[in-house]
Amino acid sequence: RLVSDWSSDVCSSDLTTVQVQIIDCGPDLVCAAGNDDLYWTGSVWASTTGCVNNGFVGVTTLNTITGQWSMAVAAASWNGNRNYSIRSMAANPAGQETPRTAVTFVVDNTAPAVTFVTPNTQTYRNSLPALSGNVTDTLPGIVSSVLFHVIRDDGKYWNWQQSTFTALSGVATDLTSTNLSGNLWSYTTDYFLVNTGTGAWENDRTYTVHEVAADQAGNQTDQAQSAFTFDIVAPTATIVVPQNGLVAIRSLPTISGTAADNDLNSNVQIALY
């Protein structure tokens with residue numbers, strides 16, 4: 001990673017040095033508080049307590065003609081999920097300038113965490129009016145977007161522009177959700193409210209829902225929920241024993257029958273009157 005900028009001088013050729021101060025605000029994420037700040041020595045992070053030259057170190061490269069400079073810091077050297085501040089200071093034979101106003105930024109290397117609310121892990125459903133889930137990000141990271149994908153058993157995606165299932169089509173198949181409150185995000189459409197098999201959900205078709213969350217640093221999580229089958233056809237049950245129409249019987253040690261469904265029966269119950 002490179003930190004770079006330009007330093008100006010009335011006569012650029014008089015510019016001799018540029019120093020920078022890079023501060024890691026520490027686990028409490030607040031600079032100049034908690035006694036946990038670190039500064040970049042040019043090779044490692046060290047405590048700002050008793051730091052040399054107020055934490056300013058020479059830049060890696062400097063073009064004394066243009067004033068452009070850069071400071072190389074290996075990507076692995078940055079502490080993740082921290083706030084940082086940088087100040088620069090140029091010098092020439094006449095002296096050095098007052099350090100510039102600090103520039104702040106965040107190093108966020110943790111993707112958001114995603115959990116589903118709806119659909120849950122239920123294998124069969126007869127309605128699904130909305131998709132929803134909770135999304136959190138490790139501070140100081142901030143969630144920037146949450147969207148859903150609905151994939152049918154033929155590999156096609158729900159397309160909100162065409163209100164049908166199509167091949168993956170960029171933003172048309174990105175179902176952008178709304179932050180309802182706190183960490184809860186949700187998406188719905190009138191076609192999800194139809195539970196007769198004529199809307200988005202068709203009877204005896206299987207669907208997989210993905211929740212995709214991204215933060216402001218570009219970290220992304222794509223979480224798939226277990227597939228479910230949409231089933232709006234009720235099972236049928238028939239009594240075999242006792243036979244219908246019997247006038248009287250001496251005993252009835254067993255009651256039996258058959259139950260059928262286009263998918264799977266979850267349970268069978270009987271009632272005696």
# chains A, B, ... in the order shown; residues from 1 in each chain; ligands from 1

call {"tool": "select_by_dssp", "arguments": {"residues": "stretch 22-245 of chain A", "states": "strand (DSSP E)", "output": "ChimeraX atom specification"}}
result
/A:22-24,38-40,45-47,56-58,61-62,68-72,82-92,95-96,103-107,113-118,124-125,131-136,143-152,157-159,164-166,175-176,178-181,184-187,206-215,220-224,228-230,236-241

call {"tool": "residues_around", "arguments": {"residues": "stretch 157-169 of chain A", "least_positions_apart": "2", "cutoff": "12 Å", "atoms": "only C-alpha atoms", "output": "ChimeraX atom specification"}}
result
/A:148-155,171-176,187-192,198-202,207-210

call {"tool": "write_last_selection", "arguments": {"atoms": "C-alpha atoms", "output": "CSV table (one decimal), in the first residue's frame"}}
result
chain,number,residue,atom,x,y,z
A,148,PHE,CA,-31.0,-10.7,-1.9
A,149,HIS,CA,-30.9,-13.1,-4.8
A,150,VAL,CA,-33.7,-15.7,-5.3
A,151,ILE,CA,-32.6,-18.6,-7.4
A,152,ARG,CA,-35.2,-21.1,-8.8
A,153,ASP,CA,-34.5,-24.8,-9.3
A,154,ASP,CA,-33.7,-24.2,-13.0
A,155,GLY,CA,-30.9,-21.8,-12.1
A,171,VAL,CA,-29.0,-5.0,-11.1
A,172,ALA,CA,-32.2,-6.4,-12.4
A,173,THR,CA,-31.7,-9.5,-10.4
A,174,ASP,CA,-30.2,-7.7,-7.3
A,175,LEU,CA,-33.1,-7.3,-4.9
A,176,THR,CA,-32.0,-4.3,-2.9
A,187,TYR,CA,-37.0,-7.0,0.8
A,188,THR,CA,-40.5,-7.7,-0.5
A,189,THR,CA,-42.6,-7.3,-3.7
A,190,ASP,CA,-46.3,-7.8,-4.5
A,191,TYR,CA,-45.3,-11.0,-6.3
A,192,PHE,CA,-44.0,-12.4,-3.0
A,198,THR,CA,-49.3,-17.7,-9.5
A,199,GLY,CA,-46.8,-15.1,-8.1
A,200,ALA,CA,-43.1,-15.5,-7.7
A,201,TRP,CA,-43.5,-18.7,-5.8
A,202,GLU,CA,-44.8,-21.6,-7.9
A,207,TYR,CA,-35.9,-22.0,-4.4
A,208,THR,CA,-32.6,-20.9,-2.8
A,209,VAL,CA,-32.2,-17.4,-1.3
A,210,HIS,CA,-28.9,-15.6,-1.0

call {"tool": "atom_distance", "arguments": {"atom1": "atom CA of A:Gly197", "atom2": "atom CA of A:Trp185"}}
result
25.5 Å

call {"tool": "residues_around", "arguments": {"residues": "stretch 244-259 of chain A", "least_positions_apart": "5", "cutoff": "12 Å", "atoms": "only C-alpha atoms", "output": "list in words"}}
result
Ala234, Pro235, Thr236, Ala237, Thr238, Ile239, Leu264, Asn265, Ser266, Asn267, Val268, Gln269, Ile270, Ala271 and Leu272 of chain A

call {"tool": "residues_around", "arguments": {"residues": "A:Thr178", "least_positions_apart": "3", "cutoff": "12 Å", "atoms": "only C-alpha atoms", "output": "PDB file with C-alpha atoms, in the first residue's frame"}}
result
ATOM      1  CA  ALA A 130     -40.696 -11.110   2.491  1.00  0.00           C
ATOM      2  CA  LEU A 131     -36.984 -11.843   2.651  1.00  0.00           C
ATOM      3  CA  SER A 132     -35.125 -10.575   5.702  1.00  0.00           C
ATOM      4  CA  GLY A 133     -31.924 -10.956   7.673  1.00  0.00           C
ATOM      5  CA  ASN A 134     -29.655  -9.362  10.236  1.00  0.00           C
ATOM      6  CA  VAL A 135     -26.334  -7.873   9.137  1.00  0.00           C
ATOM      7  CA  SER A 144     -23.157  -0.060   3.023  1.00  0.00           C
ATOM      8  CA  SER A 145     -25.564  -2.359   1.181  1.00  0.00           C
ATOM      9  CA  VAL A 146     -27.603  -5.525   1.566  1.00  0.00           C
ATOM     10  CA  LEU A 147     -29.333  -7.321  -1.291  1.00  0.00           C
ATOM     11  CA  PHE A 148     -30.961 -10.668  -1.932  1.00  0.00           C
ATOM     12  CA  LEU A 175     -33.075  -7.333  -4.857  1.00  0.00           C
ATOM     13  CA  SER A 181     -34.380  -0.999  12.088  1.00  0.00           C
ATOM     14  CA  GLY A 182     -31.100  -1.763  13.816  1.00  0.00           C
ATOM     15  CA  ASN A 183     -29.406  -4.619  11.977  1.00  0.00           C
ATOM     16  CA  LEU A 184     -32.565  -5.895  10.239  1.00  0.00           C
ATOM     17  CA  TRP A 185     -32.791  -5.616   6.437  1.00  0.00           C
ATOM     18  CA  SER A 186     -35.757  -6.719   4.338  1.00  0.00           C
ATOM     19  CA  TYR A 187     -37.020  -6.967   0.761  1.00  0.00           C
ATOM     20  CA  THR A 188     -40.504  -7.652  -0.546  1.00  0.00           C
TER      21      THR A 188
END

call {"tool": "closest_residue", "arguments": {"among": "A:Ala90, A:Ala111, A:Ala72, A:Ala46", "to": "A:Ile142", "atoms": "only C-alpha atoms"}}
result
A:Ala111

call {"tool": "select_by_dssp", "arguments": {"residues": "stretch 37-149 of chain A", "states": "helix (DSSP H, G or I)", "output": "PDB file with N, CA and C atoms, in the first residue's frame"}}
result
ATOM      1  N   VAL A  52       9.653   9.328  19.060  1.00  0.00           N
ATOM      2  CA  VAL A  52      10.707  10.220  18.579  1.00  0.00           C
ATOM      3  C   VAL A  52      10.145  11.148  17.512  1.00  0.00           C
ATOM      4  N   ASN A  53      10.536  12.440  17.576  1.00  0.00           N
ATOM      5  CA  ASN A  53      10.147  13.424  16.554  1.00  0.00           C
ATOM      6  C   ASN A  53       8.642  13.516  16.395  1.00  0.00           C
ATOM      7  N   ASN A  54       7.929  13.334  17.511  1.00  0.00           N
ATOM      8  CA  ASN A  54       6.467  13.389  17.515  1.00  0.00           C
ATOM      9  C   ASN A  54       5.852  12.395  16.538  1.00  0.00           C
ATOM     10  N   GLY A  55       6.589  11.326  16.244  1.00  0.00           N
ATOM     11  CA  GLY A  55       6.060  10.280  15.376  1.00  0.00           C
ATOM     12  C   GLY A  55       6.237  10.538  13.895  1.00  0.00           C
ATOM     13  N   ALA A  75       0.850  -4.132   2.882  1.00  0.00           N
ATOM     14  CA  ALA A  75      -0.565  -4.383   3.195  1.00  0.00           C
ATOM     15  C   ALA A  75      -0.719  -5.160   4.494  1.00  0.00           C
ATOM     16  N   ALA A  76       0.172  -6.108   4.744  1.00  0.00           N
ATOM     17  CA  ALA A  76       0.071  -6.933   5.950  1.00  0.00           C
ATOM     18  C   ALA A  76       0.426  -6.161   7.217  1.00  0.00           C
ATOM     19  N   SER A  77       1.015  -4.973   7.054  1.00  0.00           N
ATOM     20  CA  SER A  77       1.442  -4.208   8.230  1.00  0.00           C
ATOM     21  C   SER A  77       0.288  -3.440   8.877  1.00  0.00           C
TER      22      SER A  77
END

call {"tool": "closest_residue", "arguments": {"among": "A:Gly218, A:Gly58, A:Pro140, A:Gly80", "to": "A:Val20", "atoms": "only C-alpha atoms"}}
result
A:Gly58

call {"tool": "atom_distance", "arguments": {"atom1": "atom CA of A:Pro27", "atom2": "atom CA of A:Phe105"}}
result
14.8 Å

call {"tool": "residues_around", "arguments": {"residues": "A:Leu62", "least_positions_apart": "5", "cutoff": "8 Å", "atoms": "only C-alpha atoms", "output": "list in words"}}
result
Thr17, Val18, Gly67, Gln68, Trp69 and Ser70 of chain A

call {"tool": "write_last_selection", "arguments": {"atoms": "C-alpha atoms", "output": "CSV table (one decimal), in the first residue's frame"}}
result
chain,number,residue,atom,x,y,z
A,17,THR,CA,12.5,16.5,2.9
A,18,VAL,CA,8.9,15.4,3.6
A,67,GLY,CA,6.8,17.8,-4.7
A,68,GLN,CA,5.1,14.4,-5.1
A,69,TRP,CA,6.0,11.9,-2.4
A,70,SER,CA,4.9,8.5,-1.2

call {"tool": "decode", "arguments": {"residues": "stretch 14-105 of chain A", "atoms": "C-alpha atoms", "output": "JSON list (two decimals), in the first residue's frame"}}
result
[["chain", "number", "residue", "atom", "x", "y", "z"],
["A", 14, "ASP", "CA", 14.30, 23.99, -2.63],
["A", 15, "LEU", "CA", 12.23, 21.16, -1.13],
["A", 16, "THR", "CA", 14.56, 18.77, 0.68],
["A", 17, "THR", "CA", 12.49, 16.46, 2.89],
["A", 18, "VAL", "CA", 8.94, 15.38, 3.64],
["A", 19, "GLN", "CA", 7.98, 13.56, 6.80],
["A", 20, "VAL", "CA", 4.72, 11.89, 7.70],
["A", 21, "GLN", "CA", 3.05, 10.90, 10.94],
["A", 22, "ILE", "CA", 0.79, 7.83, 10.68],
["A", 23, "ILE", "CA", -1.23, 7.10, 13.80],
["A", 24, "ASP", "CA", -3.17, 3.91, 14.54],
["A", 25, "CYS", "CA", -5.89, 5.03, 16.98],
["A", 26, "GLY", "CA", -5.78, 1.68, 18.80],
["A", 27, "PRO", "CA", -8.45, -0.85, 19.81],
["A", 28, "ASP", "CA", -10.65, 1.88, 21.33],
["A", 29, "LEU", "CA", -10.79, 3.48, 17.84],
["A", 30, "VAL", "CA", -10.26, 6.97, 19.29],
["A", 31, "CYS", "CA", -7.00, 8.82, 18.67],
["A", 32, "ALA", "CA", -5.34, 10.52, 21.64],
["A", 33, "ALA", "CA", -7.47, 8.54, 24.11],
["A", 34, "GLY", "CA", -7.02, 5.32, 26.05],
["A", 35, "ASN", "CA", -3.21, 5.39, 25.88],
["A", 36, "ASP", "CA", -3.30, 2.76, 23.13],
["A", 37, "ASP", "CA", -2.28, 4.78, 20.06],
["A", 38, "LEU", "CA", 0.53, 3.51, 17.85],
["A", 39, "TYR", "CA", 2.69, 5.30, 15.27],
["A", 40, "TRP", "CA", 4.44, 3.95, 12.19],
["A", 41, "THR", "CA", 8.22, 4.04, 12.60],
["A", 42, "GLY", "CA", 8.81, 3.24, 8.96],
["A", 43, "SER", "CA", 9.01, -0.49, 9.62],
["A", 44, "VAL", "CA", 6.85, -1.38, 12.65],
["A", 45, "TRP", "CA", 4.14, 0.06, 14.88],
["A", 46, "ALA", "CA", 5.26, 1.46, 18.23],
["A", 47, "SER", "CA", 3.55, 3.18, 21.14],
["A", 48, "THR", "CA", 3.15, 6.92, 20.78],
["A", 49, "THR", "CA", 4.24, 7.26, 24.40],
["A", 50, "GLY", "CA", 7.74, 8.68, 24.20],
["A", 51, "CYS", "CA", 7.78, 8.59, 20.40],
["A", 52, "VAL", "CA", 10.71, 10.22, 18.58],
["A", 53, "ASN", "CA", 10.15, 13.42, 16.55],
["A", 54, "ASN", "CA", 6.47, 13.39, 17.52],
["A", 55, "GLY", "CA", 6.06, 10.28, 15.38],
["A", 56, "PHE", "CA", 7.12, 11.90, 12.09],
["A", 57, "VAL", "CA", 9.33, 9.77, 9.82],
["A", 58, "GLY", "CA", 10.82, 10.33, 6.38],
["A", 59, "VAL", "CA", 8.81, 9.29, 3.32],
["A", 60, "THR", "CA", 9.90, 6.45, 1.04],
["A", 61, "THR", "CA", 10.16, 8.52, -2.16],
["A", 62, "LEU", "CA", 10.21, 12.26, -2.87],
["A", 63, "ASN", "CA", 10.36, 14.16, -6.16],
["A", 64, "THR", "CA", 11.87, 17.49, -5.16],
["A", 65, "ILE", "CA", 10.85, 19.01, -8.51],
["A", 66, "THR", "CA", 7.15, 18.15, -8.50],
["A", 67, "GLY", "CA", 6.79, 17.78, -4.74],
["A", 68, "GLN", "CA", 5.14, 14.39, -5.12],
["A", 69, "TRP", "CA", 6.00, 11.92, -2.36],
["A", 70, "SER", "CA", 4.93, 8.46, -1.24],
["A", 71, "MET", "CA", 5.25, 6.27, 1.82],
["A", 72, "ALA", "CA", 5.22, 2.51, 1.28],
["A", 73, "VAL", "CA", 3.50, 0.44, 3.98],
["A", 74, "ALA", "CA", 3.08, -3.28, 3.31],
["A", 75, "ALA", "CA", -0.56, -4.38, 3.19],
["A", 76, "ALA", "CA", 0.07, -6.93, 5.95],
["A", 77, "SER", "CA", 1.44, -4.21, 8.23],
["A", 78, "TRP", "CA", -1.89, -2.40, 8.68],
["A", 79, "ASN", "CA", -3.83, -3.44, 11.77],
["A", 80, "GLY", "CA", -7.35, -4.36, 10.68],
["A", 81, "ASN", "CA", -10.54, -2.73, 11.96],
["A", 82, "ARG", "CA", -8.83, 0.44, 13.15],
["A", 83, "ASN", "CA", -9.11, 4.19, 12.63],
["A", 84, "TYR", "CA", -6.01, 5.99, 11.36],
["A", 85, "SER", "CA", -4.81, 9.56, 10.92],
["A", 86, "ILE", "CA", -1.98, 10.90, 8.74],
["A", 87, "ARG", "CA", -0.21, 14.26, 8.80],
["A", 88, "SER", "CA", 2.61, 15.45, 6.53],
["A", 89, "MET", "CA", 5.30, 18.06, 6.99],
["A", 90, "ALA", "CA", 7.73, 19.42, 4.39],
["A", 91, "ALA", "CA", 11.08, 21.11, 4.94],
["A", 92, "ASN", "CA", 13.65, 23.11, 2.93],
["A", 93, "PRO", "CA", 16.87, 24.94, 3.90],
["A", 94, "ALA", "CA", 14.81, 27.80, 5.33],
["A", 95, "GLY", "CA", 13.00, 25.55, 7.81],
["A", 96, "GLN", "CA", 10.00, 23.29, 8.03],
["A", 97, "GLU", "CA", 6.31, 23.94, 7.74],
["A", 98, "THR", "CA", 3.69, 23.45, 10.42],
["A", 99, "PRO", "CA", 2.28, 19.91, 10.06],
["A", 100, "ARG", "CA", -0.75, 19.75, 7.80],
["A", 101, "THR", "CA", -4.24, 19.00, 9.12],
["A", 102, "ALA", "CA", -4.65, 15.27, 9.70],
["A", 103, "VAL", "CA", -6.40, 13.10, 7.14],
["A", 104, "THR", "CA", -8.37, 10.23, 8.68],
["A", 105, "PHE", "CA", -9.34, 6.86, 7.22]]
